[in-house]
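Down below is the structure, laid out as structure tokens.
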Amino acid sequence: MTQLHEAFTIFLSLLVEAIPFLTFGVVLSSALLVFSDEKKLIAYIPRNPFLGAIAGSLVGFMFPVCECGNVPVARRFLMQGLPPSVAVAFLLAAPTINPIVIWSTWVAFRDQPGMVVARIVCSLIITVIISWVFSRQLDAVPLLKPALGRRLAYLNRPEESPPAIACESPLLQSGTFILGSGNSGQLLKLDEQAVETLLPPITPSRWEMFTDNIVQELRELGGMLILGSLIAAVIQVFIPREWILLLGQGTISSILAMMLLSVVVSVCSTVDSFFALSFVSTFTGSSLLAFLVFGPMIDVKSIGLLLSVFQRRIVIYLLLLAGQLTFLLSLAHSYLF
């Protein structure tokens, strides 16, 4: 009973610290995504591979979404003609390089400001390298799912008539980016009376999409937060401390363990700093950095979302490349700091 009480206390403390950041991030990202016009932003993105990678990495400051919301946003960007390499930069960097996550990381590690700087710098380096690698692929159509590939091919050859795209997912349409929502940019079915009187189609208002998006994200991300906090509490209380110390003090083993944990636990980047903070006394600082850098880029829930944009082999390539770079940078951090 003592262990259960201790685990429940840790679980509640993690939730109390993290929920305000999650709520604020969801509200702000919903407002930006529903009430802003991404076409104007795309027009200012540099076409140079290196500059485009940096610009795509910094777009998260305007669209501060976590890894749960960046994939739907990136799909909308791709449908508007954003180069895939820039979209990759946004996908990898936005969950980390945005004001909400930077703020929450600073609150969690206020006694270690170097951790905040290291997280931003490492994420930016990895993002720019991977984006540059993807920019070397001149024909980006084979990288994408068929519907997105056909749309991109049409954008590159505007003299041809646009292909018929089967929008099996509402994320390919305009409007809200709610995952699984059926009203994303779609016109509601007209009733018989409206058809007879030729009334204009009924569309959901921006405020309706805004509130629906907040509810949807809070439900999805809140569940992930509860699960992640529960796992952290269980690990801290019920797993023998000797096992954790043995695994967490090795330079290489601790980095690999925390990278694996970040993929499996899939904690939202808005609150993952508080999850990592619970391991600060048992794992090395470099392994915590690996958790904070790799988790927002690639985790279990984001892999499923990435498969809605890229071919399977490309997702595997992203996972391996991001994992290798995260490990090397974290290992360098362990020797330099």
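Starting from 1 in every chain, residues are counted up; chains themselves are A, B, ... following the order of the structure tokens, and ligands are numbered from 1 as listed.
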Would you tabulate, counting only C-alpha atoms, all residues of stretch 268-318 of chain A that have an atom at most 9 Å from an atom of stretch 100-117 of chain A, showing the closest pair of atoms and their distance in Å to one decimal, sorted by chain then ascending number, as JSON lines?
{"residue": "A:Ser269", "atom": "CA", "partner": "A:Val101", "partner_atom": "CA", "distance": 6.5}
{"residue": "A:Thr270", "atom": "CA", "partner": "A:Val101", "partner_atom": "CA", "distance": 5.0}
{"residue": "A:Val271", "atom": "CA", "partner": "A:Ser104", "partner_atom": "CA", "distance": 6.8}
{"residue": "A:Asp272", "atom": "CA", "partner": "A:Thr105", "partner_atom": "CA", "distance": 8.2}
{"residue": "A:Ser273", "atom": "CA", "partner": "A:Thr105", "partner_atom": "CA", "distance": 5.3}
{"residue": "A:Phe274", "atom": "CA", "partner": "A:Ala108", "partner_atom": "CA", "distance": 5.8}
{"residue": "A:Ala276", "atom": "CA", "partner": "A:Ala108", "partner_atom": "CA", "distance": 8.8}
{"residue": "A:Leu277", "atom": "CA", "partner": "A:Ala108", "partner_atom": "CA", "distance": 6.6}
{"residue": "A:Gly285", "atom": "CA", "partner": "A:Met115", "partner_atom": "CA", "distance": 8.0}
{"residue": "A:Ser286", "atom": "CA", "partner": "A:Met115", "partner_atom": "CA", "distance": 8.9}
{"residue": "A:Leu288", "atom": "CA", "partner": "A:Met115", "partner_atom": "CA", "distance": 8.8}
{"residue": "A:Leu289", "atom": "CA", "partner": "A:Met115", "partner_atom": "CA", "distance": 6.9}
Quick one: residues within 10 Å of A:Leu51, only C-alpha atoms, excluding same-chain residues fewer than 4 positions away - as a ChimeraX atom specification? /A:45-47,55-57,86,128,132
Go ahead and write the residues just picked, N, CA, C and O atoms, as a CSV table (one decimal), in the first residue's frame.
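Written file, selection_35.csv:
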chain,number,residue,atom,x,y,z
A,45,ILE,N,8.7,30.8,-48.0
A,45,ILE,CA,9.7,29.8,-47.7
A,45,ILE,C,10.8,29.7,-48.8
A,45,ILE,O,10.5,29.6,-50.0
A,46,PRO,N,12.1,29.9,-48.4
A,46,PRO,CA,13.1,29.8,-49.4
A,46,PRO,C,13.2,28.5,-50.1
A,46,PRO,O,12.9,27.4,-49.5
A,47,ARG,N,13.5,28.5,-51.4
A,47,ARG,CA,13.6,27.3,-52.2
A,47,ARG,C,15.0,26.7,-52.1
A,47,ARG,O,15.2,25.5,-52.5
A,55,ALA,N,14.2,27.4,-42.4
A,55,ALA,CA,12.9,28.0,-42.4
A,55,ALA,C,11.8,27.0,-41.9
A,55,ALA,O,11.0,27.3,-41.1
A,56,GLY,N,11.9,25.8,-42.5
A,56,GLY,CA,10.9,24.8,-42.1
A,56,GLY,C,11.1,24.4,-40.6
A,56,GLY,O,10.1,24.1,-39.9
A,57,SER,N,12.3,24.4,-40.1
A,57,SER,CA,12.5,24.1,-38.7
A,57,SER,C,11.9,25.2,-37.8
A,57,SER,O,11.6,24.9,-36.6
A,86,VAL,N,11.2,20.6,-47.0
A,86,VAL,CA,10.8,21.6,-46.0
A,86,VAL,C,9.7,21.0,-45.0
A,86,VAL,O,9.7,21.3,-43.8
A,128,VAL,N,18.0,19.9,-39.8
A,128,VAL,CA,18.6,20.5,-41.0
A,128,VAL,C,19.3,19.4,-41.9
A,128,VAL,O,19.2,19.4,-43.1
A,132,TRP,N,18.1,18.4,-45.6
A,132,TRP,CA,19.0,18.5,-46.7
A,132,TRP,C,19.2,17.2,-47.4
A,132,TRP,O,19.2,17.2,-48.7
Env of A:Gly60: 9 Å cut, atoms = only C-alpha atoms, seq-sep filter 4 positions within chain, self excluded. Answer as a short mmCIF file (atom, residue, chain, number, x, y, z; two decimals) with C-alpha atoms, in the first residue's frame.
data_model
loop_
_atom_site.label_atom_id
_atom_site.label_comp_id
_atom_site.auth_asym_id
_atom_site.auth_seq_id
_atom_site.Cartn_x
_atom_site.Cartn_y
_atom_site.Cartn_z
CA GLY A 56 10.92 24.76 -42.06
CA PRO A 64 3.37 25.42 -32.14
CA VAL A 65 2.03 21.89 -32.53
CA ASN A 70 2.35 18.34 -36.89
CA PHE A 90 8.68 21.03 -40.04
CA ALA A 93 11.40 20.30 -35.58
CA ALA A 94 7.95 21.71 -34.83
CA PRO A 95 7.27 19.42 -31.82
CA THR A 96 10.46 20.70 -30.15
CA ILE A 97 11.38 24.11 -31.57
CA ASN A 98 8.29 26.06 -30.60
CA PRO A 99 7.65 28.48 -27.72
#
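Picture a line from atom CA of A:Ile54 to atom CA of A:Ser85; it runs 10.7 Å.
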What lies within 12 Å of A:His5 using only C-alpha atoms, ignoring chain neighbours under 4 positions off, as a list in words? Met1, Thr9, Ile10, Phe11, Leu12, Ala233, Val234, Val237 and Phe238 of chain A
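Distance check against A:Phe210 using only C-alpha atoms: of A:Phe24, A:Leu4, A:Val34, A:Ala118, the minimum falls on A:Val34.
When only C-alpha atoms are used to compute distances to A:Leu144, the closest of the residues A:Leu78, A:Ala332, A:Val263, A:Ala232 turns out to be A:Leu78.
Among the candidates A:Arg119, A:Asn213, A:Leu143, A:Ser281, the one nearest to A:Arg313 when counting only C-alpha atoms is A:Leu143.
Closest approach to A:Pro83 among A:Ala153, A:Leu14, A:Ile120, A:Val27: A:Ala153, based on only C-alpha atoms.
Using only C-alpha atoms, the nearest neighbour of A:Ser287 within the list A:Ala87, A:Ile129, A:Leu247, A:Val59 is A:Leu247.
Atom CA of A:Leu246 lies 23.3 Å from atom CA of A:Gln324.
For the atom pair formed by atom CA of A:Gln236 and atom CA of A:Thr284, the distance is 15.4 Å, given to one decimal.
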Pick from A:Ala43, A:Thr2, A:Tyr317, A:Gly69 nearest to A:Glu217, counting only C-alpha atoms: A:Gly69
Sel. of alpha helix (DSSP H) residues, stretch 22-136 of chain A, as a PyMOL selection string: chain A and resi 22-35+38-43+49-58+70-79+84-93+99-108+113-135
